[in-house]
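Structure data follow from coords00.pdb (PDB, C-alpha atoms):
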```pdb
ATOM      1  CA  ALA A   1       2.368 104.901 -79.202  1.00  0.00           C
ATOM      2  CA  GLN A   2      -1.297 104.127 -78.862  1.00  0.00           C
ATOM      3  CA  THR A   3      -3.202 102.427 -81.651  1.00  0.00           C
ATOM      4  CA  VAL A   4      -6.918 102.021 -82.253  1.00  0.00           C
ATOM      5  CA  THR A   5      -8.328  99.297 -84.485  1.00  0.00           C
ATOM      6  CA  GLN A   6     -11.822  99.090 -85.906  1.00  0.00           C
ATOM      7  CA  SER A   7     -12.114  95.792 -87.723  1.00  0.00           C
ATOM      8  CA  GLN A   8     -15.506  96.395 -89.337  1.00  0.00           C
ATOM      9  CA  PRO A   9     -15.256  98.750 -92.324  1.00  0.00           C
ATOM     10  CA  GLU A  10     -19.027  98.577 -92.797  1.00  0.00           C
ATOM     11  CA  MET A  11     -22.033  97.364 -90.838  1.00  0.00           C
ATOM     12  CA  SER A  12     -25.675  97.176 -91.835  1.00  0.00           C
ATOM     13  CA  VAL A  13     -28.700  96.917 -89.555  1.00  0.00           C
ATOM     14  CA  GLN A  14     -32.446  97.014 -89.942  1.00  0.00           C
ATOM     15  CA  GLU A  15     -34.226 100.035 -88.513  1.00  0.00           C
ATOM     16  CA  ALA A  16     -35.288  99.420 -84.878  1.00  0.00           C
ATOM     17  CA  GLU A  17     -32.766  96.601 -84.461  1.00  0.00           C
ATOM     18  CA  THR A  18     -29.611  96.586 -82.343  1.00  0.00           C
ATOM     19  CA  VAL A  19     -26.087  96.779 -83.726  1.00  0.00           C
ATOM     20  CA  THR A  20     -22.681  96.528 -82.092  1.00  0.00           C
ATOM     21  CA  LEU A  21     -19.565  98.220 -83.453  1.00  0.00           C
ATOM     22  CA  SER A  22     -16.193  96.831 -82.395  1.00  0.00           C
ATOM     23  CA  CYS A  23     -13.060  98.647 -81.315  1.00  0.00           C
ATOM     24  CA  THR A  24      -9.801  97.463 -79.823  1.00  0.00           C
ATOM     25  CA  TYR A  25      -6.885  99.574 -78.733  1.00  0.00           C
ATOM     26  CA  ASP A  26      -3.375  99.242 -77.474  1.00  0.00           C
ATOM     27  CA  THR A  27      -1.792 101.305 -74.727  1.00  0.00           C
ATOM     28  CA  SER A  28       0.665 100.926 -71.905  1.00  0.00           C
ATOM     29  CA  GLU A  29      -1.188 103.465 -69.776  1.00  0.00           C
ATOM     30  CA  SER A  30      -3.478 102.465 -66.942  1.00  0.00           C
ATOM     31  CA  ASP A  31      -5.716 105.533 -67.017  1.00  0.00           C
ATOM     32  CA  TYR A  32      -7.110 107.079 -70.166  1.00  0.00           C
ATOM     33  CA  TYR A  33     -10.317 108.008 -71.970  1.00  0.00           C
ATOM     34  CA  LEU A  34     -12.122 106.299 -74.805  1.00  0.00           C
ATOM     35  CA  PHE A  35     -14.632 107.895 -77.122  1.00  0.00           C
ATOM     36  CA  TRP A  36     -17.045 107.095 -79.911  1.00  0.00           C
ATOM     37  CA  TYR A  37     -17.595 109.851 -82.451  1.00  0.00           C
ATOM     38  CA  LYS A  38     -20.250 109.974 -85.164  1.00  0.00           C
ATOM     39  CA  GLN A  39     -19.548 111.665 -88.499  1.00  0.00           C
ATOM     40  CA  PRO A  40     -22.626 112.009 -90.736  1.00  0.00           C
ATOM     41  CA  PRO A  41     -21.953 112.608 -94.441  1.00  0.00           C
ATOM     42  CA  SER A  42     -20.557 116.096 -95.023  1.00  0.00           C
ATOM     43  CA  ARG A  43     -21.200 117.077 -91.443  1.00  0.00           C
ATOM     44  CA  GLN A  44     -19.091 117.616 -88.390  1.00  0.00           C
ATOM     45  CA  MET A  45     -17.884 114.941 -86.033  1.00  0.00           C
ATOM     46  CA  ILE A  46     -20.054 114.634 -82.946  1.00  0.00           C
ATOM     47  CA  LEU A  47     -19.162 113.008 -79.637  1.00  0.00           C
ATOM     48  CA  VAL A  48     -21.543 110.112 -78.974  1.00  0.00           C
ATOM     49  CA  ILE A  49     -20.248 108.649 -75.751  1.00  0.00           C
ATOM     50  CA  ARG A  50     -17.130 108.577 -73.600  1.00  0.00           C
ATOM     51  CA  GLN A  51     -15.664 106.205 -71.039  1.00  0.00           C
ATOM     52  CA  GLU A  52     -13.093 106.806 -68.335  1.00  0.00           C
ATOM     53  CA  ALA A  53     -10.816 103.786 -68.020  1.00  0.00           C
ATOM     54  CA  TYR A  54     -10.728 103.951 -64.218  1.00  0.00           C
ATOM     55  CA  LYS A  55     -14.498 103.489 -64.072  1.00  0.00           C
ATOM     56  CA  GLN A  56     -15.676  99.907 -64.287  1.00  0.00           C
ATOM     57  CA  GLN A  57     -19.246 100.869 -65.030  1.00  0.00           C
ATOM     58  CA  ASN A  58     -20.030 100.991 -68.735  1.00  0.00           C
ATOM     59  CA  ALA A  59     -21.158 104.380 -70.022  1.00  0.00           C
ATOM     60  CA  THR A  60     -24.642 104.816 -71.456  1.00  0.00           C
ATOM     61  CA  GLU A  61     -26.277 107.689 -73.305  1.00  0.00           C
ATOM     62  CA  ASN A  62     -29.905 106.986 -74.179  1.00  0.00           C
ATOM     63  CA  ARG A  63     -29.846 104.369 -76.983  1.00  0.00           C
ATOM     64  CA  PHE A  64     -26.050 104.220 -77.000  1.00  0.00           C
ATOM     65  CA  SER A  65     -24.027 102.100 -74.602  1.00  0.00           C
ATOM     66  CA  VAL A  66     -20.539 100.680 -74.480  1.00  0.00           C
ATOM     67  CA  ASN A  67     -19.033  97.383 -73.425  1.00  0.00           C
ATOM     68  CA  PHE A  68     -15.659  98.311 -71.963  1.00  0.00           C
ATOM     69  CA  GLN A  69     -13.335  95.380 -71.295  1.00  0.00           C
ATOM     70  CA  LYS A  70     -10.149  96.922 -69.916  1.00  0.00           C
ATOM     71  CA  ALA A  71      -8.115  93.749 -69.687  1.00  0.00           C
ATOM     72  CA  ALA A  72      -8.969  92.823 -73.253  1.00  0.00           C
ATOM     73  CA  LYS A  73      -8.521  96.449 -74.397  1.00  0.00           C
ATOM     74  CA  SER A  74     -11.883  96.317 -76.074  1.00  0.00           C
ATOM     75  CA  PHE A  75     -14.431  99.120 -76.335  1.00  0.00           C
ATOM     76  CA  SER A  76     -17.532  98.271 -78.366  1.00  0.00           C
ATOM     77  CA  LEU A  77     -20.519 100.523 -79.040  1.00  0.00           C
ATOM     78  CA  LYS A  78     -24.057  99.177 -78.941  1.00  0.00           C
ATOM     79  CA  ILE A  79     -26.817 101.115 -80.638  1.00  0.00           C
ATOM     80  CA  SER A  80     -30.303 100.007 -79.638  1.00  0.00           C
ATOM     81  CA  ASP A  81     -33.495 100.712 -81.592  1.00  0.00           C
ATOM     82  CA  SER A  82     -31.490 101.904 -84.603  1.00  0.00           C
ATOM     83  CA  GLN A  83     -32.894 104.933 -86.391  1.00  0.00           C
ATOM     84  CA  LEU A  84     -32.317 106.248 -89.903  1.00  0.00           C
ATOM     85  CA  GLY A  85     -30.523 109.240 -88.408  1.00  0.00           C
ATOM     86  CA  ASP A  86     -27.903 106.922 -86.928  1.00  0.00           C
ATOM     87  CA  ALA A  87     -26.470 106.293 -90.397  1.00  0.00           C
ATOM     88  CA  ALA A  88     -22.940 107.695 -90.375  1.00  0.00           C
ATOM     89  CA  MET A  89     -19.266 106.878 -89.992  1.00  0.00           C
ATOM     90  CA  TYR A  90     -18.434 105.939 -86.426  1.00  0.00           C
ATOM     91  CA  PHE A  91     -14.941 106.465 -85.089  1.00  0.00           C
ATOM     92  CA  CYS A  92     -13.464 105.018 -81.943  1.00  0.00           C
ATOM     93  CA  ALA A  93     -10.827 107.223 -80.313  1.00  0.00           C
ATOM     94  CA  TYR A  94      -8.312 106.979 -77.485  1.00  0.00           C
ATOM     95  CA  GLY A  95      -7.175 109.915 -75.368  1.00  0.00           C
ATOM     96  CA  GLY A  96      -4.544 110.149 -72.643  1.00  0.00           C
ATOM     97  CA  LEU A  97      -5.372 111.850 -69.386  1.00  0.00           C
ATOM     98  CA  SER A  98      -3.621 115.113 -69.983  1.00  0.00           C
ATOM     99  CA  GLY A  99      -4.750 115.998 -73.444  1.00  0.00           C
ATOM    100  CA  GLY A 100      -2.604 118.570 -75.097  1.00  0.00           C
ATOM    101  CA  ALA A 101       0.107 117.087 -77.226  1.00  0.00           C
ATOM    102  CA  ASP A 102      -1.252 113.619 -76.610  1.00  0.00           C
ATOM    103  CA  GLY A 103      -4.273 114.485 -78.697  1.00  0.00           C
ATOM    104  CA  LEU A 104      -6.731 111.791 -79.667  1.00  0.00           C
ATOM    105  CA  THR A 105      -5.860 108.696 -81.673  1.00  0.00           C
ATOM    106  CA  PHE A 106      -8.626 107.532 -83.988  1.00  0.00           C
ATOM    107  CA  GLY A 107      -9.467 104.251 -85.644  1.00  0.00           C
ATOM    108  CA  LYS A 108     -10.267 104.039 -89.346  1.00  0.00           C
ATOM    109  CA  GLY A 109     -13.980 104.080 -88.753  1.00  0.00           C
ATOM    110  CA  THR A 110     -17.015 101.897 -89.369  1.00  0.00           C
ATOM    111  CA  HIS A 111     -19.620 102.911 -91.929  1.00  0.00           C
ATOM    112  CA  LEU A 112     -23.048 102.186 -90.427  1.00  0.00           C
ATOM    113  CA  ILE A 113     -25.935 101.662 -92.822  1.00  0.00           C
ATOM    114  CA  ILE A 114     -29.508 101.642 -91.544  1.00  0.00           C
ATOM    115  CA  GLN A 115     -31.926  99.639 -93.673  1.00  0.00           C
ATOM    116  CA  PRO A 116     -35.512 100.988 -93.555  1.00  0.00           C
TER     117      PRO A 116
ATOM    118  CA  ASP B   1     -21.206 130.661 -79.355  1.00  0.00           C
ATOM    119  CA  THR B   2     -22.124 128.339 -82.183  1.00  0.00           C
ATOM    120  CA  GLY B   3     -19.226 125.922 -81.901  1.00  0.00           C
ATOM    121  CA  VAL B   4     -16.086 125.522 -83.952  1.00  0.00           C
ATOM    122  CA  SER B   5     -16.236 127.284 -87.326  1.00  0.00           C
ATOM    123  CA  GLN B   6     -14.043 126.529 -90.307  1.00  0.00           C
ATOM    124  CA  ASP B   7     -13.714 128.469 -93.503  1.00  0.00           C
ATOM    125  CA  PRO B   8     -13.913 127.724 -96.360  1.00  0.00           C
ATOM    126  CA  ARG B   9     -15.960 124.514 -96.430  1.00  0.00           C
ATOM    127  CA  HIS B  10     -14.509 123.510 -99.768  1.00  0.00           C
ATOM    128  CA  LYS B  11     -11.394 124.589-101.647  1.00  0.00           C
ATOM    129  CA  ILE B  12     -10.270 123.496-105.100  1.00  0.00           C
ATOM    130  CA  THR B  13      -6.800 124.596-106.069  1.00  0.00           C
ATOM    131  CA  LYS B  14      -4.259 123.898-108.737  1.00  0.00           C
ATOM    132  CA  ARG B  15      -1.131 122.011-107.846  1.00  0.00           C
ATOM    133  CA  GLY B  16       1.606 124.389-106.772  1.00  0.00           C
ATOM    134  CA  GLN B  17      -0.721 127.067-105.418  1.00  0.00           C
ATOM    135  CA  ASN B  18      -0.818 128.170-101.802  1.00  0.00           C
ATOM    136  CA  VAL B  19      -3.968 127.803 -99.723  1.00  0.00           C
ATOM    137  CA  THR B  20      -4.963 129.047 -96.284  1.00  0.00           C
ATOM    138  CA  PHE B  21      -7.713 127.746 -94.027  1.00  0.00           C
ATOM    139  CA  ARG B  22      -9.201 129.417 -90.983  1.00  0.00           C
ATOM    140  CA  CYS B  23     -10.566 127.959 -87.764  1.00  0.00           C
ATOM    141  CA  ASP B  24     -12.500 129.823 -85.076  1.00  0.00           C
ATOM    142  CA  PRO B  25     -12.677 127.689 -81.915  1.00  0.00           C
ATOM    143  CA  ILE B  26     -15.183 127.904 -79.090  1.00  0.00           C
ATOM    144  CA  SER B  27     -14.281 131.159 -77.394  1.00  0.00           C
ATOM    145  CA  GLU B  28     -13.407 129.793 -73.956  1.00  0.00           C
ATOM    146  CA  HIS B  29     -11.379 126.859 -75.328  1.00  0.00           C
ATOM    147  CA  ASN B  30      -7.669 127.472 -75.063  1.00  0.00           C
ATOM    148  CA  ARG B  31      -6.543 124.319 -76.856  1.00  0.00           C
ATOM    149  CA  LEU B  32      -6.821 124.054 -80.617  1.00  0.00           C
ATOM    150  CA  TYR B  33      -5.968 121.104 -82.837  1.00  0.00           C
ATOM    151  CA  TRP B  34      -5.618 120.536 -86.537  1.00  0.00           C
ATOM    152  CA  TYR B  35      -6.275 117.081 -87.950  1.00  0.00           C
ATOM    153  CA  ARG B  36      -6.196 115.709 -91.479  1.00  0.00           C
ATOM    154  CA  GLN B  37      -8.644 113.078 -92.669  1.00  0.00           C
ATOM    155  CA  THR B  38      -8.200 111.266 -95.957  1.00  0.00           C
ATOM    156  CA  LEU B  39     -10.848 109.103 -97.586  1.00  0.00           C
ATOM    157  CA  GLY B  40     -11.501 105.927 -95.654  1.00  0.00           C
ATOM    158  CA  GLN B  41      -9.322 106.920 -92.716  1.00  0.00           C
ATOM    159  CA  GLY B  42      -9.816 108.383 -89.303  1.00  0.00           C
ATOM    160  CA  PRO B  43      -8.501 111.847 -88.461  1.00  0.00           C
ATOM    161  CA  GLU B  44      -4.730 112.109 -88.032  1.00  0.00           C
ATOM    162  CA  PHE B  45      -3.135 114.647 -85.726  1.00  0.00           C
ATOM    163  CA  LEU B  46      -1.235 117.497 -87.382  1.00  0.00           C
ATOM    164  CA  THR B  47      -0.565 120.147 -84.758  1.00  0.00           C
ATOM    165  CA  TYR B  48      -1.715 121.571 -81.461  1.00  0.00           C
ATOM    166  CA  PHE B  49      -1.872 125.003 -79.834  1.00  0.00           C
ATOM    167  CA  GLN B  50      -2.347 125.978 -76.243  1.00  0.00           C
ATOM    168  CA  ASN B  51      -3.361 129.616 -76.379  1.00  0.00           C
ATOM    169  CA  GLU B  52      -1.017 131.182 -78.955  1.00  0.00           C
ATOM    170  CA  ALA B  53       1.828 128.699 -78.480  1.00  0.00           C
ATOM    171  CA  GLN B  54       2.235 125.864 -80.978  1.00  0.00           C
ATOM    172  CA  LEU B  55       3.353 123.058 -78.688  1.00  0.00           C
ATOM    173  CA  GLU B  56       3.406 120.000 -80.901  1.00  0.00           C
ATOM    174  CA  LYS B  57       3.726 119.173 -84.573  1.00  0.00           C
ATOM    175  CA  SER B  58       3.266 115.790 -86.199  1.00  0.00           C
ATOM    176  CA  ARG B  59       5.790 114.401 -88.653  1.00  0.00           C
ATOM    177  CA  LEU B  60       2.887 114.597 -91.118  1.00  0.00           C
ATOM    178  CA  LEU B  61       3.309 118.377 -91.046  1.00  0.00           C
ATOM    179  CA  SER B  62       5.975 118.928 -93.686  1.00  0.00           C
ATOM    180  CA  ASP B  63       7.792 122.230 -94.069  1.00  0.00           C
ATOM    181  CA  ARG B  64       5.191 123.265 -96.655  1.00  0.00           C
ATOM    182  CA  PHE B  65       2.637 123.451 -93.854  1.00  0.00           C
ATOM    183  CA  SER B  66       2.501 126.259 -91.338  1.00  0.00           C
ATOM    184  CA  ALA B  67      -0.042 127.014 -88.657  1.00  0.00           C
ATOM    185  CA  GLU B  68      -0.540 130.072 -86.519  1.00  0.00           C
ATOM    186  CA  ARG B  69      -2.814 131.134 -83.734  1.00  0.00           C
ATOM    187  CA  PRO B  70      -2.224 134.820 -83.107  1.00  0.00           C
ATOM    188  CA  LYS B  71      -3.520 136.102 -79.774  1.00  0.00           C
ATOM    189  CA  GLY B  72      -4.747 132.634 -78.904  1.00  0.00           C
ATOM    190  CA  SER B  73      -8.025 133.040 -80.743  1.00  0.00           C
ATOM    191  CA  PHE B  74      -8.574 131.892 -84.332  1.00  0.00           C
ATOM    192  CA  SER B  75      -6.015 129.766 -86.145  1.00  0.00           C
ATOM    193  CA  THR B  76      -4.853 129.517 -89.732  1.00  0.00           C
ATOM    194  CA  LEU B  77      -3.331 126.584 -91.549  1.00  0.00           C
ATOM    195  CA  GLU B  78      -1.386 127.388 -94.698  1.00  0.00           C
ATOM    196  CA  ILE B  79      -0.174 124.892 -97.253  1.00  0.00           C
ATOM    197  CA  GLN B  80       2.421 126.153 -99.698  1.00  0.00           C
ATOM    198  CA  ARG B  81       3.093 124.633-103.117  1.00  0.00           C
ATOM    199  CA  THR B  82       0.175 122.246-102.815  1.00  0.00           C
ATOM    200  CA  GLU B  83       0.529 118.678-104.073  1.00  0.00           C
ATOM    201  CA  GLN B  84      -2.171 116.205-105.058  1.00  0.00           C
ATOM    202  CA  GLY B  85      -1.369 114.226-101.933  1.00  0.00           C
ATOM    203  CA  ASP B  86      -2.547 117.172 -99.861  1.00  0.00           C
ATOM    204  CA  SER B  87      -6.130 116.528-100.964  1.00  0.00           C
ATOM    205  CA  ALA B  88      -8.011 115.725 -97.780  1.00  0.00           C
ATOM    206  CA  MET B  89     -10.446 117.039 -95.207  1.00  0.00           C
ATOM    207  CA  TYR B  90      -8.732 119.352 -92.727  1.00  0.00           C
ATOM    208  CA  LEU B  91     -10.454 119.317 -89.364  1.00  0.00           C
ATOM    209  CA  CYS B  92     -10.091 121.794 -86.560  1.00  0.00           C
ATOM    210  CA  ALA B  93     -11.049 120.942 -82.985  1.00  0.00           C
ATOM    211  CA  SER B  94     -10.900 122.747 -79.687  1.00  0.00           C
ATOM    212  CA  SER B  95     -10.976 121.826 -76.026  1.00  0.00           C
ATOM    213  CA  LEU B  96     -10.562 123.305 -72.576  1.00  0.00           C
ATOM    214  CA  ALA B  97      -7.111 122.764 -71.091  1.00  0.00           C
ATOM    215  CA  GLY B  98      -8.306 122.163 -67.559  1.00  0.00           C
ATOM    216  CA  THR B  99     -10.256 119.067 -68.488  1.00  0.00           C
ATOM    217  CA  GLY B 100      -7.429 117.321 -70.308  1.00  0.00           C
ATOM    218  CA  ASN B 101      -9.010 114.872 -72.710  1.00  0.00           C
ATOM    219  CA  ALA B 102     -11.920 114.212 -70.364  1.00  0.00           C
ATOM    220  CA  ASP B 103     -14.543 115.934 -72.462  1.00  0.00           C
ATOM    221  CA  GLY B 104     -13.155 114.979 -75.835  1.00  0.00           C
ATOM    222  CA  TYR B 105     -13.010 117.685 -78.431  1.00  0.00           C
ATOM    223  CA  THR B 106     -15.495 119.847 -80.287  1.00  0.00           C
ATOM    224  CA  PHE B 107     -14.877 119.550 -83.990  1.00  0.00           C
ATOM    225  CA  GLY B 108     -15.616 121.921 -86.806  1.00  0.00           C
ATOM    226  CA  SER B 109     -17.201 120.811 -90.063  1.00  0.00           C
ATOM    227  CA  GLY B 110     -13.849 120.775 -91.800  1.00  0.00           C
ATOM    228  CA  THR B 111     -12.371 122.215 -94.983  1.00  0.00           C
ATOM    229  CA  ARG B 112     -12.286 119.800 -97.889  1.00  0.00           C
ATOM    230  CA  LEU B 113      -9.250 120.497-100.071  1.00  0.00           C
ATOM    231  CA  THR B 114      -9.006 119.177-103.610  1.00  0.00           C
ATOM    232  CA  VAL B 115      -5.747 119.707-105.448  1.00  0.00           C
ATOM    233  CA  VAL B 116      -6.071 119.312-109.219  1.00  0.00           C
TER     234      VAL B 116
END
```
As structure tokens, please, write out the structure in this file.
Amino acid sequence: AQTVTQSQPEMSVQEAETVTLSCTYDTSESDYYLFWYKQPPSRQMILVIRQEAYKQQNATENRFSVNFQKAAKSFSLKISDSQLGDAAMYFCAYGGLSGGADGLTFGKGTHLIIQP
Amino acid sequence: DTGVSQDPRHKITKRGQNVTFRCDPISEHNRLYWYRQTLGQGPEFLTYFQNEAQLEKSRLLSDRFSAERPKGSFSTLEIQRTEQGDSAMYLCASSLAGTGNADGYTFGSGTRLTVV
């Protein structure tokens, strides 16, 4: 079974600074997907960024980018120019290729605090 | 289509009562998932539908839990004889079968259940 580990229960960053959230995972598969989801307080979970394991190039979405190290099974999220609206729980998730019963496996999350 | 809708947003019930939650997925999504999220944890898979067929159930889904998706549209999750340990956020998500896990899921805002 796949596992996802987020070792930082909470992170704090000054507004406009850069922060990196860590995620490691374990799988015996060679192809899969990795995701970062954002969950603001009392609001729905939103997909921030995704990475296909067969692509070596790290995904980027505006101020959000990942550092995907396949051999190390590491998938960190970098948020540049942090904004107050970035404050939320961030979840790293693993997904097999086929979806369906495989579903997504989530980490326990990192609570990101943005200091004004 | 406004996304995945869940109703109610909040439910407080007395221990031993039955409760039912509803999820309306994105209309063209044929896969529907139920997840449970307890405080300080990431979402945990409960069950999965492809169209109207329930194809997978987690061991977390005891016999007090039942889910249906008649006609492959909306889904209901019923908990019978609720226990305090059932207190959690129940999340519904949907996806398109053809993409596997490639696009991740679209989540609803969840139903927060409190059993007193």
Item to check | Residue among B:Lys57, B:Arg31, B:Arg112, B:Lys71 lying closest to Ser95 (chain B), counting only C-alpha atoms | outcome: B:Arg31
Checklist entry - Any idea what's packed within 6 Å of region 59-68 of chain B, counting only C-alpha atoms, ignoring anything in its chain fewer than 6 positions away? Could you give it as a PyMOL selection string? => result chain B and resi 46+75-80
Only C-alpha atoms, please: the residues just picked out, written as a short mmCIF file (atom, residue, chain, number, x, y, z; two decimals), keeping the file's coordinate frame.
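Okay, result-v9.cif is ready:
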```
data_model
loop_
_atom_site.label_atom_id
_atom_site.label_comp_id
_atom_site.auth_asym_id
_atom_site.auth_seq_id
_atom_site.Cartn_x
_atom_site.Cartn_y
_atom_site.Cartn_z
CA LEU B 46 -1.24 117.50 -87.38
CA SER B 75 -6.02 129.77 -86.14
CA THR B 76 -4.85 129.52 -89.73
CA LEU B 77 -3.33 126.58 -91.55
CA GLU B 78 -1.39 127.39 -94.70
CA ILE B 79 -0.17 124.89 -97.25
CA GLN B 80 2.42 126.15 -99.70
#
```
Checklist outcome for this item: CA of Gln17 (chain B) sits from CA of Arg69 (chain B) at a separation of 22.2 Å
Checklist entry - Got a sec to pull out which chain A residues are within 7 Å of chain B, counting only C-alpha atoms, and send them as an MDAnalysis selection string? => result chainID A and resid 33 43:45 91 95:101 106:109
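Residues within 7 Å of Leu112 (chain A), counting all atoms listed in the file and excluding same-chain residues fewer than 4 positions away, are Glu10, Met11, Ser12, Ala87, Ala88 and Met89 of chain A.
Taking CA of Tyr37 (chain A) and CA of Asp7 (chain B) as the two end points, the separation is 22.0 Å.
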Item to check | Hits of the PyMOL selection byres ((chain A and resi 23-30) around 7) in this structure, as JSON, numbers by chain | outcome: {"A": [2, 3, 4, 5, 6, 21, 22, 31, 32, 73, 74, 75, 76, 92]}
Set up a box along x, y and z of the file covering all listed atoms of region 44-51 of chain B, add 6 Å on every one of the six sides, and write the centre and edge lengths in Å to one decimal, as JSON.
```
{"center_x": -2.6, "center_y": 120.9, "center_z": -82.1, "size_x": 16.2, "size_y": 29.5, "size_z": 23.8}
```
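The two atoms in question, CA of Arg22 (chain B) and CA of Gln39 (chain A), are spaced 20.7 Å apart.
Closest approach to Thr13 (chain B) among B:Thr111, B:Ser87, B:Ser94, B:Ser73 is made by B:Ser87 (distances from only C-alpha atoms).
Each of A:Val48, A:Ala1, A:Leu34, A:Ala93 was checked against Ile79 (chain A) using all atoms listed in the file; the smallest atom-to-atom distance is that of A:Val48.
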Checklist entry - When the PyMOL selection byres ((chain A and resi 78) around 12) is applied to the file above, which residues end up in the set, as an NGL selection string? => result :A and (13 or 17-23 or 36 or 48-49 or 58-68 or 75-77 or 79-82 or 86 or 90 or 112)
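The result of the PyMOL selection byres ((chain A and resi 115) around 7) on the shown file is A:Ser12, A:Val13, A:Gln14, A:Glu15, A:Ile113, A:Ile114, A:Pro116.
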